[in-house]
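Heads up, start28.txt below (compact mmCIF, C-alpha atoms):
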```txt
# COMPACT_ATOMS: atom_id res chain seq x y z
CA MET A 32 -2.64 -4.37 19.28
CA THR A 33 -1.39 -6.60 22.03
CA GLY A 34 -4.05 -8.60 23.81
CA ILE A 35 -7.49 -7.31 22.87
CA TYR A 36 -9.04 -6.04 19.72
CA HIS A 37 -10.25 -2.64 20.96
CA ARG A 38 -13.54 -1.73 19.37
CA TRP A 39 -14.24 1.13 21.72
CA LEU A 40 -10.83 2.13 22.98
CA ARG A 41 -9.67 5.16 20.99
CA LEU A 42 -6.09 4.04 20.59
CA GLY A 43 -6.10 3.88 16.83
CA LEU A 44 -9.15 2.61 15.01
CA GLY A 45 -10.95 5.82 15.83
CA LEU A 46 -8.24 7.62 13.90
CA LEU A 47 -7.59 8.00 10.21
CA THR A 48 -3.91 7.18 10.46
CA VAL A 49 -2.13 8.16 7.28
CA GLY A 50 1.45 7.11 7.90
CA LEU A 51 4.17 6.54 10.42
CA THR A 52 6.84 9.20 10.77
CA ALA A 53 10.11 8.39 12.50
CA PRO A 54 11.53 11.51 14.15
CA ALA A 55 15.04 12.81 13.89
CA PRO A 56 17.27 11.46 16.68
CA ALA A 57 17.27 13.44 19.88
CA GLN A 58 20.25 15.72 20.44
CA THR A 59 23.03 14.04 22.40
CA PRO A 60 23.00 16.39 25.45
CA LEU A 61 19.33 15.59 26.04
CA GLU A 62 19.17 11.95 24.99
CA ASN A 63 18.71 10.72 28.60
CA ASN A 64 16.58 13.66 29.63
CA PRO A 65 12.76 13.63 29.54
CA LYS A 66 12.95 17.14 28.07
CA ALA A 67 14.24 15.62 24.83
CA ILE A 68 10.91 13.85 24.28
CA LEU A 69 8.95 16.99 25.15
CA ASP A 70 10.88 19.08 22.65
CA GLU A 71 10.59 16.36 20.02
CA ALA A 72 6.81 16.24 20.48
CA TRP A 73 6.54 20.03 20.49
CA GLN A 74 8.40 20.26 17.16
CA ILE A 75 6.04 17.75 15.54
CA ILE A 76 2.95 19.65 16.63
CA ASP A 77 4.52 22.95 15.60
CA THR A 78 5.23 21.60 12.11
CA HIS A 79 2.22 19.43 11.34
CA TYR A 80 -0.84 20.41 13.42
CA VAL A 81 -3.76 21.38 11.19
CA ASP A 82 -4.58 24.61 13.05
CA PRO A 83 -1.68 27.07 12.66
CA LYS A 84 -3.24 29.22 15.41
CA PHE A 85 -3.12 26.29 17.85
CA ASN A 86 -6.59 27.07 19.20
CA ARG A 87 -5.32 30.52 20.26
CA VAL A 88 -2.66 28.89 22.47
CA ASN A 89 0.75 30.58 22.46
CA TRP A 90 2.63 27.53 21.22
CA GLN A 91 6.06 29.13 21.57
CA GLN A 92 5.31 29.83 25.23
CA VAL A 93 4.23 26.21 25.66
CA ARG A 94 7.71 25.10 24.61
CA ARG A 95 9.38 27.50 27.02
CA ASP A 96 7.16 26.31 29.85
CA LEU A 97 7.76 22.62 29.15
CA LEU A 98 11.53 22.97 28.94
CA SER A 99 11.86 25.29 31.93
CA ARG A 100 10.56 22.69 34.39
CA GLU A 101 12.51 19.90 36.05
CA TYR A 102 11.19 16.36 35.74
CA THR A 103 12.08 13.52 38.07
CA SER A 104 10.71 10.85 35.71
CA LYS A 105 9.43 10.32 32.20
CA ALA A 106 5.95 9.76 33.63
CA GLN A 107 6.01 13.28 35.04
CA ALA A 108 7.11 14.68 31.67
CA TYR A 109 4.42 12.69 29.87
CA ALA A 110 1.77 14.15 32.19
CA ALA A 111 2.99 17.68 31.49
CA LEU A 112 2.86 17.09 27.74
CA ARG A 113 -0.66 15.68 27.91
CA ALA A 114 -1.76 18.74 29.89
CA GLU A 115 -0.38 21.10 27.24
CA LEU A 116 -1.90 19.10 24.35
CA SER A 117 -5.31 19.29 26.02
CA LYS A 118 -5.24 23.07 25.51
CA LEU A 119 -5.55 22.50 21.75
CA GLY A 120 -9.12 21.33 22.36
CA ASP A 121 -8.59 18.39 20.00
CA PRO A 122 -9.29 14.93 21.43
CA TYR A 123 -7.56 13.29 18.46
CA THR A 124 -4.17 14.97 18.92
CA ARG A 125 -2.79 12.87 21.73
CA PHE A 126 0.36 11.59 23.35
CA LEU A 127 0.74 7.82 23.81
CA ASP A 128 3.25 6.27 26.16
CA PRO A 129 5.39 3.42 24.72
CA GLN A 130 2.91 0.70 25.70
CA GLU A 131 -0.05 2.60 24.29
CA PHE A 132 1.85 3.47 21.15
CA GLN A 133 2.84 -0.14 20.49
CA ALA A 134 -0.80 -1.15 21.00
CA LEU A 135 -1.80 1.39 18.36
CA ILE A 136 0.79 0.15 15.87
CA ASN A 137 -0.22 -3.48 16.38
CA GLN A 138 -3.87 -2.53 16.11
CA THR A 139 -3.59 -0.72 12.81
CA ALA A 140 -1.29 -3.47 11.51
CA GLY A 141 -4.11 -5.92 12.20
CA GLU A 142 -1.87 -8.35 14.08
CA PHE A 143 -1.41 -8.83 17.79
CA SER A 144 -0.06 -11.10 20.45
CA GLY A 145 -2.85 -12.04 22.79
CA ILE A 146 -5.72 -14.41 23.44
CA GLY A 147 -8.09 -13.29 20.66
CA VAL A 148 -11.05 -11.59 22.31
CA ARG A 149 -12.84 -8.32 21.76
CA LEU A 150 -14.18 -6.68 24.91
CA LYS A 151 -16.97 -4.26 25.59
CA LEU A 152 -18.20 -2.46 28.70
CA ASP A 153 -21.77 -3.38 29.58
CA ASP A 154 -22.72 -0.09 31.25
CA GLU A 155 -26.38 -1.06 31.43
CA GLN A 156 -25.47 -3.27 34.40
CA GLU A 157 -24.84 -1.77 37.82
CA PRO A 158 -21.98 -1.68 38.41
CA PRO A 159 -20.80 -1.88 34.76
CA ARG A 160 -19.19 -5.16 33.74
CA ILE A 161 -16.59 -6.08 31.15
CA THR A 162 -17.92 -8.75 28.80
CA ILE A 163 -16.70 -10.65 25.76
CA ALA A 164 -18.07 -9.08 22.57
CA ASP A 165 -16.45 -11.51 20.15
CA VAL A 166 -13.85 -14.26 19.93
CA VAL A 167 -11.36 -14.72 17.08
CA ASP A 168 -11.69 -18.13 15.40
CA ASN A 169 -8.91 -20.61 16.27
CA SER A 170 -7.49 -18.23 18.89
CA PRO A 171 -6.42 -19.29 22.40
CA ALA A 172 -9.71 -17.87 23.71
CA ALA A 173 -11.75 -19.88 21.19
CA LYS A 174 -9.84 -23.06 21.98
CA ALA A 175 -10.47 -22.48 25.72
CA GLY A 176 -14.22 -22.26 25.08
CA ILE A 177 -14.68 -18.54 25.78
CA ARG A 178 -17.89 -17.28 24.16
CA PRO A 179 -19.43 -13.90 23.28
CA GLY A 180 -21.53 -12.73 26.21
CA ASP A 181 -19.26 -14.19 28.89
CA GLU A 182 -18.37 -11.80 31.68
CA LEU A 183 -14.68 -11.24 32.39
CA VAL A 184 -14.60 -11.59 36.18
CA SER A 185 -10.87 -11.40 36.80
CA VAL A 186 -7.69 -11.16 34.76
CA ALA A 187 -4.15 -11.86 35.95
CA GLY A 188 -5.46 -12.26 39.50
CA ARG A 189 -7.27 -8.92 39.61
CA SER A 190 -11.02 -8.42 39.78
CA THR A 191 -12.45 -6.49 36.84
CA ARG A 192 -15.19 -4.90 38.96
CA GLY A 193 -14.80 -1.16 38.39
CA MET A 194 -11.92 -1.74 35.97
CA SER A 195 -11.73 0.25 32.72
CA LEU A 196 -11.34 -1.38 29.31
CA GLU A 197 -7.90 0.20 29.08
CA ASP A 198 -6.78 -1.44 32.33
CA ALA A 199 -8.20 -4.82 31.34
CA SER A 200 -6.35 -4.51 28.04
CA ARG A 201 -3.02 -3.80 29.75
CA LEU A 202 -3.40 -6.88 31.93
CA ILE A 203 -4.28 -9.14 29.01
CA ARG A 204 -1.43 -7.97 26.77
CA GLY A 205 1.78 -9.90 26.70
CA PRO A 206 4.32 -11.67 24.50
CA ALA A 207 3.29 -14.76 22.54
CA GLY A 208 4.01 -17.93 24.51
CA THR A 209 3.34 -16.42 27.95
CA VAL A 210 0.56 -17.65 30.21
CA LEU A 211 -2.52 -15.64 31.22
CA ARG A 212 -4.94 -16.64 33.95
CA LEU A 213 -8.47 -15.30 34.03
CA GLU A 214 -11.97 -16.08 35.25
CA ILE A 215 -15.20 -15.81 33.31
CA ARG A 216 -18.86 -16.16 34.22
CA ARG A 217 -21.48 -17.47 31.81
CA PRO A 218 -24.83 -15.66 31.54
CA GLY A 219 -27.26 -17.17 34.01
CA MET A 220 -24.52 -18.79 36.09
CA THR A 221 -23.29 -17.83 39.55
CA GLU A 222 -20.08 -19.88 39.53
CA THR A 223 -16.98 -18.59 37.78
CA LEU A 224 -14.83 -20.61 35.39
CA PRO A 225 -11.05 -20.33 35.96
CA LEU A 226 -9.02 -20.56 32.75
CA GLN A 227 -5.34 -20.63 31.85
CA LEU A 228 -4.44 -19.53 28.31
CA THR A 229 -1.19 -19.17 26.41
CA ARG A 230 -0.95 -15.98 24.38
CA ALA A 231 -0.33 -16.37 20.64
CA TRP A 232 0.25 -14.26 17.53
CA ILE A 233 -3.08 -13.57 15.82
CA GLU A 234 -4.26 -11.77 12.70
CA THR A 235 -7.26 -9.66 13.60
CA GLN A 236 -10.32 -10.70 11.63
CA VAL A 237 -12.31 -7.54 11.04
CA VAL A 238 -14.57 -8.96 8.30
CA ASP A 239 -17.36 -11.39 9.10
CA TYR A 240 -19.76 -12.45 6.33
CA ALA A 241 -22.52 -14.86 5.38
CA LEU A 242 -24.93 -15.45 2.50
CA LYS A 243 -28.48 -14.92 3.72
CA ARG A 244 -31.69 -16.16 2.10
CA GLU A 245 -34.34 -13.51 2.65
CA GLN A 246 -37.71 -13.34 0.89
CA GLY A 247 -36.42 -15.55 -1.89
CA ARG A 248 -33.30 -13.44 -2.45
CA ALA A 249 -29.64 -14.24 -1.90
CA ILE A 250 -28.17 -11.36 0.11
CA GLY A 251 -24.52 -11.10 1.06
CA LEU A 252 -24.14 -9.72 4.59
CA ILE A 253 -20.71 -8.32 5.49
CA ARG A 254 -19.86 -6.96 8.93
CA LEU A 255 -16.76 -4.75 8.96
CA GLN A 256 -15.48 -4.01 12.46
CA GLY A 257 -12.43 -1.87 11.70
CA PHE A 258 -10.13 -0.53 8.99
CA ASN A 259 -6.75 -2.08 9.74
CA ALA A 260 -4.02 -3.11 7.31
CA HIS A 261 -5.77 -6.42 6.57
CA ALA A 262 -9.30 -5.02 6.16
CA ALA A 263 -9.21 -4.52 2.38
CA GLU A 264 -7.74 -7.96 1.77
CA GLN A 265 -10.39 -9.58 3.98
CA MET A 266 -13.15 -7.54 2.31
CA ARG A 267 -12.00 -8.66 -1.14
CA LYS A 268 -12.08 -12.31 -0.10
CA ALA A 269 -15.55 -11.88 1.39
CA LEU A 270 -16.91 -10.30 -1.79
CA GLN A 271 -15.35 -12.96 -4.01
CA SER A 272 -16.81 -15.73 -1.85
CA LEU A 273 -20.28 -14.16 -1.80
CA GLN A 274 -20.16 -13.64 -5.56
CA GLN A 275 -19.37 -17.31 -6.07
CA GLN A 276 -22.30 -18.20 -3.82
CA GLY A 277 -24.64 -16.16 -6.01
CA ALA A 278 -25.28 -13.00 -3.97
CA GLN A 279 -27.87 -10.76 -5.67
CA ALA A 280 -27.48 -7.80 -3.29
CA TYR A 281 -25.33 -6.77 -0.33
CA ILE A 282 -25.58 -5.37 3.16
CA LEU A 283 -22.44 -3.73 4.57
CA ASP A 284 -22.77 -3.43 8.34
CA LEU A 285 -20.57 -0.61 9.72
CA ARG A 286 -22.35 -0.29 13.06
CA GLY A 287 -19.92 0.12 15.93
CA ASN A 288 -16.99 0.51 13.52
CA PRO A 289 -14.83 3.37 14.86
CA GLY A 290 -12.67 3.69 11.74
CA GLY A 291 -8.98 3.15 11.10
CA LEU A 292 -6.62 3.59 8.19
CA LEU A 293 -7.50 6.15 5.54
CA SER A 294 -5.92 3.95 2.88
CA ALA A 295 -8.15 1.02 3.86
CA SER A 296 -11.30 3.13 3.58
CA ILE A 297 -10.31 4.19 0.05
CA GLU A 298 -9.44 0.65 -1.06
CA ILE A 299 -12.71 -0.71 0.27
CA THR A 300 -14.80 2.05 -1.30
CA ARG A 301 -13.20 1.28 -4.66
CA MET A 302 -14.55 -2.27 -4.42
CA TRP A 303 -18.10 -0.86 -4.51
CA LEU A 304 -17.72 2.32 -6.58
CA GLN A 305 -16.61 2.23 -10.23
CA GLN A 306 -15.77 5.89 -10.72
CA GLY A 307 -15.96 9.29 -9.07
CA ARG A 308 -14.50 11.05 -6.05
CA ILE A 309 -14.28 9.15 -2.77
CA VAL A 310 -12.99 11.79 -0.37
CA SER A 311 -10.88 14.94 -0.33
CA THR A 312 -8.62 16.20 2.42
CA VAL A 313 -7.58 19.79 3.15
CA GLY A 314 -4.43 20.40 5.17
CA ARG A 315 -2.93 23.17 7.27
CA GLN A 316 -2.06 25.51 4.40
CA GLY A 317 -5.19 24.75 2.39
CA GLU A 318 -3.48 22.05 0.33
CA ARG A 319 -6.04 19.60 -1.08
CA GLU A 320 -5.69 15.92 -1.92
CA VAL A 321 -8.45 14.12 -3.79
CA PHE A 322 -8.93 10.35 -3.80
CA GLN A 323 -10.87 8.79 -6.67
CA ALA A 324 -12.40 5.46 -7.59
CA ASN A 325 -10.33 3.82 -10.30
CA ARG A 326 -12.71 1.54 -12.24
CA THR A 327 -11.81 -1.51 -10.16
CA ALA A 328 -15.22 -2.14 -8.52
CA LEU A 329 -15.86 -5.81 -7.81
CA VAL A 330 -19.67 -5.65 -7.64
CA ASP A 331 -22.48 -3.41 -8.84
CA GLU A 332 -25.45 -5.13 -7.18
CA PRO A 333 -27.77 -3.13 -4.88
CA LEU A 334 -26.12 -2.18 -1.60
CA ALA A 335 -27.42 -1.13 1.83
CA ILE A 336 -25.04 0.24 4.48
CA LEU A 337 -25.93 -0.04 8.16
CA VAL A 338 -24.62 2.64 10.57
CA ASP A 339 -25.11 3.90 14.09
CA HIS A 340 -23.71 6.57 16.43
CA ARG A 341 -20.50 4.57 16.88
CA SER A 342 -19.75 4.40 13.14
CA ALA A 343 -16.91 6.91 12.81
CA SER A 344 -13.98 8.15 10.79
CA ALA A 345 -13.16 5.69 7.98
CA SER A 346 -16.68 4.24 8.32
CA GLU A 347 -18.06 7.68 7.56
CA ILE A 348 -15.79 8.07 4.54
CA VAL A 349 -17.15 4.85 3.01
CA ALA A 350 -20.79 5.56 3.89
CA GLY A 351 -20.55 9.22 2.83
CA ALA A 352 -18.96 8.44 -0.54
CA LEU A 353 -21.39 5.68 -1.49
CA GLN A 354 -24.35 7.75 -0.29
CA ASP A 355 -23.29 10.86 -2.23
CA HIS A 356 -22.88 8.82 -5.42
CA LYS A 357 -26.26 7.14 -4.85
CA ARG A 358 -24.45 3.84 -4.96
CA ALA A 359 -25.94 2.71 -1.65
CA VAL A 360 -28.76 3.45 0.74
CA VAL A 361 -27.61 4.23 4.29
CA ILE A 362 -29.84 2.84 7.05
CA GLY A 363 -29.76 3.22 10.83
CA SER A 364 -29.01 6.19 13.08
CA PRO A 365 -26.72 9.22 12.50
CA THR A 366 -23.01 8.45 12.68
CA PHE A 367 -20.39 9.81 15.09
CA GLY A 368 -19.21 12.84 13.11
CA LYS A 369 -15.41 12.68 12.92
CA GLY A 370 -14.23 14.66 9.89
CA VAL A 371 -10.50 14.99 10.58
CA VAL A 372 -7.39 13.00 9.67
CA GLN A 373 -4.49 12.08 11.95
CA ALA A 374 -0.87 11.17 11.23
CA VAL A 375 1.06 8.91 13.60
CA HIS A 376 4.55 9.89 14.79
CA ARG A 377 6.94 7.69 16.73
CA LEU A 378 9.16 9.46 19.29
CA SER A 379 12.71 8.37 20.04
CA ASP A 380 11.88 6.66 23.35
CA GLY A 381 9.15 4.46 21.81
CA SER A 382 6.27 6.73 22.77
CA GLY A 383 4.28 8.53 20.10
CA LEU A 384 1.82 11.15 18.96
CA THR A 385 -1.33 11.13 16.89
CA VAL A 386 -1.65 14.56 15.30
CA THR A 387 -4.61 16.01 13.42
CA VAL A 388 -3.21 17.08 10.04
CA ALA A 389 -6.25 17.62 7.80
CA HIS A 390 -10.01 17.91 7.47
CA TYR A 391 -11.86 15.67 5.06
CA TYR A 392 -14.98 16.15 2.93
CA THR A 393 -17.35 13.75 1.20
CA PRO A 394 -17.69 13.81 -2.61
CA ALA A 395 -20.55 16.31 -2.30
CA GLY A 396 -18.35 18.58 -0.16
CA ARG A 397 -19.99 17.75 3.15
CA ASP A 398 -18.06 18.42 6.36
CA ILE A 399 -19.45 15.77 8.71
CA THR A 400 -17.63 17.02 11.84
CA ARG A 401 -20.01 16.82 14.82
CA LYS A 402 -22.86 16.18 12.35
CA GLY A 403 -22.16 12.70 11.10
CA ILE A 404 -23.72 10.96 8.13
CA HIS A 405 -27.50 11.19 8.21
CA PRO A 406 -29.06 7.92 7.02
CA ASN A 407 -31.44 7.81 4.06
CA LEU A 408 -33.66 5.63 6.22
CA VAL A 409 -33.56 6.28 9.95
CA VAL A 410 -34.13 3.27 12.22
CA GLU A 411 -33.58 3.88 15.92
CA LEU A 412 -33.21 0.91 18.25
CA SER A 413 -34.38 0.60 21.83
CA ARG A 414 -31.94 -0.37 24.55
CA ALA A 415 -33.32 -3.92 24.58
CA GLU A 416 -32.96 -4.19 20.81
CA ARG A 417 -29.37 -3.00 20.94
CA GLN A 418 -28.57 -5.55 23.64
CA ALA A 419 -30.11 -8.36 21.57
CA LEU A 420 -28.20 -7.64 18.35
CA PRO A 421 -26.32 -10.71 17.03
CA GLN A 422 -22.54 -10.54 17.12
CA ARG A 423 -22.00 -12.72 14.05
CA ALA A 424 -23.21 -12.36 10.47
CA THR A 425 -24.33 -15.98 10.50
CA ASP A 426 -26.64 -15.28 13.46
CA THR A 427 -28.30 -12.15 12.05
CA THR A 428 -32.04 -12.42 11.35
CA PRO A 429 -34.73 -9.79 10.66
CA ARG A 430 -36.52 -10.88 13.83
CA ARG A 431 -33.52 -9.97 15.99
CA ASP A 432 -32.30 -6.90 14.09
CA PRO A 433 -34.78 -4.22 12.93
CA VAL A 434 -32.08 -2.30 10.99
CA TYR A 435 -31.13 -5.42 9.07
CA ALA A 436 -34.84 -6.10 8.47
CA ARG A 437 -35.28 -2.63 6.96
CA ALA A 438 -32.28 -3.23 4.70
CA VAL A 439 -33.74 -6.53 3.48
CA GLU A 440 -37.03 -4.79 2.75
CA TRP A 441 -35.30 -2.06 0.75
CA LEU A 442 -33.06 -4.46 -1.17
CA THR A 443 -35.99 -6.69 -2.07
CA LYS A 444 -37.71 -3.70 -3.66
CA ALA A 445 -34.48 -2.56 -5.33
CA LEU A 446 -34.03 -5.99 -6.91
CA ALA A 447 -37.62 -6.04 -8.10
CA ASP A 448 -37.20 -2.56 -9.63
CA ARG A 449 -33.96 -3.63 -11.26
CA ARG A 450 -35.57 -6.57 -13.02
CA GLN A 451 -38.13 -4.25 -14.59
CA LYS A 452 -35.53 -1.82 -16.00
CA PRO A 453 -33.74 -2.17 -19.35
CA ALA A 454 -30.28 -3.74 -19.10
CA SER A 455 -28.63 -0.41 -19.99
CA ASN A 456 -30.06 1.18 -16.85
CA GLN A 457 -28.96 -1.52 -14.43
CA SER A 458 -25.61 -0.04 -13.47
CA ARG A 459 -27.12 2.36 -10.98
CA THR A 460 -28.76 1.23 -7.76
CA PRO A 461 -32.02 2.98 -6.79
CA VAL A 462 -31.80 4.95 -3.57
CA ALA A 463 -34.48 5.97 -1.14
CA PRO A 464 -35.02 9.73 -0.68
CA ARG A 465 -33.04 11.46 2.03
CA THR A 466 -34.87 11.80 5.31
CA PRO A 467 -35.54 15.49 6.08
CA GLY A 468 -33.26 17.08 8.68
```
Can the structure from this file be put into structure tokens for me?
Amino acid sequence: MTGIYHRWLRLGLGLLTVGLTAPAPAQTPLENNPKAILDEAWQIIDTHYVDPKFNRVNWQQVRRDLLSREYTSKAQAYAALRAELSKLGDPYTRFLDPQEFQALINQTAGEFSGIGVRLKLDDEQEPPRITIADVVDNSPAAKAGIRPGDELVSVAGRSTRGMSLEDASRLIRGPAGTVLRLEIRRPGMTETLPLQLTRAWIETQVVDYALKREQGRAIGLIRLQGFNAHAAEQMRKALQSLQQQGAQAYILDLRGNPGGLLSASIEITRMWLQQGRIVSTVGRQGEREVFQANRTALVDEPLAILVDHRSASASEIVAGALQDHKRAVVIGSPTFGKGVVQAVHRLSDGSGLTVTVAHYYTPAGRDITRKGIHPNLVVELSRAERQALPQRATDTTPRRDPVYARAVEWLTKALADRRQKPASNQSRTPVAPRTPG
């Protein structure tokens, strides 16, 4: 990603990207013609798309239509391709122009050139405002004093009033070493603060953790914000640190986590689950691939997983696997419900495609598409409670976070029950009954 860590932009972390495919070179007669990219993209969909019926679209006719038109620019060809892809009725099979595609690659790589902020759209204000959700430690934004909760008033000389997150992202992106000017406004202030920052190369920190002392217990709280290429490594370090600090139980907070790399979700689940199936995928021709735990779990202490309606994709794989195996209790509100897998394909002009290539199922065979993961313990938050949620693990308290408070309550009981059981029965964490419905 280049500029902002997109928590809500569906450029990549909302996908289960399973690899990067470089296409065959375009044929020489068409190499400077936009039609070359259209045909290249058409071939990829024709070969890999999970639905061989293409949502009842005559895919051969689509190719004839695309190549029969004349295009005065690549932008015009891109628009035509997007229009044809929309007929598949699949929001996850999408065309990305070169800038969008590079943002996706940087995002899933977990490294970016930018200022080190994560943005969100505060749509409970009128008109909606773009605010700072989080700031990467030691980033240009952190060094400039930007804080979570600050409003982004202008970026690169343009007001953000009415601006989308995508547009704000494009303005913030840029090569390391280049200068970015912006204005922010602190909560409760009327004056704006003009800032000048120099973009830098940053590793995205998607794991935030702290050891909490609750009701006489040492509880390791881990917030995972995405599944990029560094997520598993950062999760491992967090678990090792919390173990050394004496954590007796864990809370894994996946709220607002839109997903990411399939491989990262499997690696992270293996840190919590000693054995058993994690997830299975079924492709276009019914081919099945099963991913298993491999006896490399790092911890076996009681675990609570926090989710909400924005927990999607890879988040649902982790929560679904640990719930099915009764390794964890899931607490919060039902998740997003994204049960499909995408592959990423680079096109010869630097643009790309994300293509749905498989469906996935939890260990119990659940298809969570449009259903989501239903928590064992449902805790719905009011608008005011959602607005007041802490952004950092170190700031989280039961008073400010009812979902976290419910997890602490459950873990306290789980630890008490564990102490009363014989040592031979301590490998399995007790789980609350599923909520009906």
Which of these residues is nearest to Pro365 of chain A, using only C-alpha atoms: A:Thr221, A:Thr385, A:Ser294, A:Asn407?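 Of all the options, A:Asn407 lies closest to Pro365 of chain A.
Proximity of A:Thr103, A:Ser296, A:Ser185, A:Ser344 to Pro225 of chain A, computed with only C-alpha atoms, is greatest for A:Ser185.
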Contacts of Glu416 of chain A within 12 Å, all atoms listed in the file, excl. fewer than 6 positions in-chain, as a CSV table (one decimal) with C-alpha atoms, in the coordinates of the input:
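Ended up saving to result34.csv:
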```
chain,number,residue,atom,x,y,z
A,410,VAL,CA,-34.1,3.3,12.2
A,429,PRO,CA,-34.7,-9.8,10.7
A,430,ARG,CA,-36.5,-10.9,13.8
A,431,ARG,CA,-33.5,-10.0,16.0
A,432,ASP,CA,-32.3,-6.9,14.1
A,433,PRO,CA,-34.8,-4.2,12.9
A,434,VAL,CA,-32.1,-2.3,11.0
A,435,TYR,CA,-31.1,-5.4,9.1
```
d(atom CA of Val93 of chain A, atom CA of Trp73 of chain A) in Å: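 Value for the atom CA of Val93 of chain A-atom CA of Trp73 of chain A distance: 8.4 Å.
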Set the distance at 7 Å and use all atoms listed in the file: which residues neighbour segment 81-84 of chain A once local chain neighbours fewer than 3 positions away are removed? I'd like the list as a PyMOL selection string. chain A and resi 87+314-315+387-389
File of the preceding selection, C-alpha atoms, as a JSON list (two decimals), in the frame of the given file:
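Result saved to selection.json:
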```json
[["chain", "number", "residue", "atom", "x", "y", "z"],
["A", 87, "ARG", "CA", -5.32, 30.52, 20.26],
["A", 314, "GLY", "CA", -4.43, 20.40, 5.17],
["A", 315, "ARG", "CA", -2.93, 23.17, 7.27],
["A", 387, "THR", "CA", -4.61, 16.01, 13.42],
["A", 388, "VAL", "CA", -3.21, 17.08, 10.04],
["A", 389, "ALA", "CA", -6.25, 17.62, 7.80]]
```
Figure out the distance between atom CA of Trp232 of chain A and atom CA of Ile177 of chain A, please, to one decimal in Å. 17.6 Å
How many Å separate atom CA of Arg244 of chain A from atom CA of Gln256 of chain A? 22.8 Å
When distances are computed from all atoms listed in the file, which of A:Ser346, A:Thr400, A:Pro65, A:Gly176 shows the smallest separation from Glu101 of chain A?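 Among A:Ser346, A:Thr400, A:Pro65, A:Gly176, it is A:Pro65 that comes nearest to Glu101 of chain A.
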Of the candidates A:Val372, A:Leu112, A:Ile161, A:Ile250, which one gets nearest to Gly290 of chain A if we count only C-alpha atoms?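 Of the candidates, the smallest distance to Gly290 of chain A is held by A:Val372.
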If you count all atoms listed in the file, which residues fall within 6 Å of Thr209 of chain A, apart from same-chain ones fewer than 2 positions away, as a ChimeraX atom specification? /A:206-207,229-230
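Distances from A:Ala343, A:Ala335, A:Ala249, A:Gln91 to Gln276 of chain A were compared using all atoms listed in the file, and the smallest one belongs to A:Ala249.
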Find the residue from A:Ile297, A:Ala324, A:Val409, A:Ala164 that sits nearest to Ile336 of chain A; use all atoms listed in the file when measuring. A:Val409
Sphere at (-4.6, -7.8, 10.6), radius 10 Å, counting all atoms listed in the file: residues as number ranges by chain: A: 32, 137-143, 233-237, 257-265
Hey, which bits of segment 337-421 of chain A sit within 12 Å of segment 128-136 of chain A, and for each residue what's the closest pair of atoms and how far apart in Å (one decimal), counting only C-alpha atoms, rows by chain and increasing number, as CSV?
```
residue,atom,partner,partner_atom,distance
A:Val375,CA,A:Ile136,CA,9.1
A:His376,CA,A:Phe132,CA,9.4
A:Arg377,CA,A:Phe132,CA,8.0
A:Leu378,CA,A:Pro129,CA,9.0
A:Ser379,CA,A:Pro129,CA,10.0
A:Asp380,CA,A:Pro129,CA,7.4
A:Gly381,CA,A:Pro129,CA,4.9
A:Ser382,CA,A:Pro129,CA,3.9
A:Gly383,CA,A:Phe132,CA,5.7
A:Leu384,CA,A:Phe132,CA,8.0
A:Thr385,CA,A:Phe132,CA,9.3
```
So that I can check the surroundings of Pro394 of chain A, please list as a count of residues only every protein, DNA and RNA residue that reaches within 8 Å of it, counting all atoms listed in the file and ignoring chain neighbours fewer than 4 positions away. 8
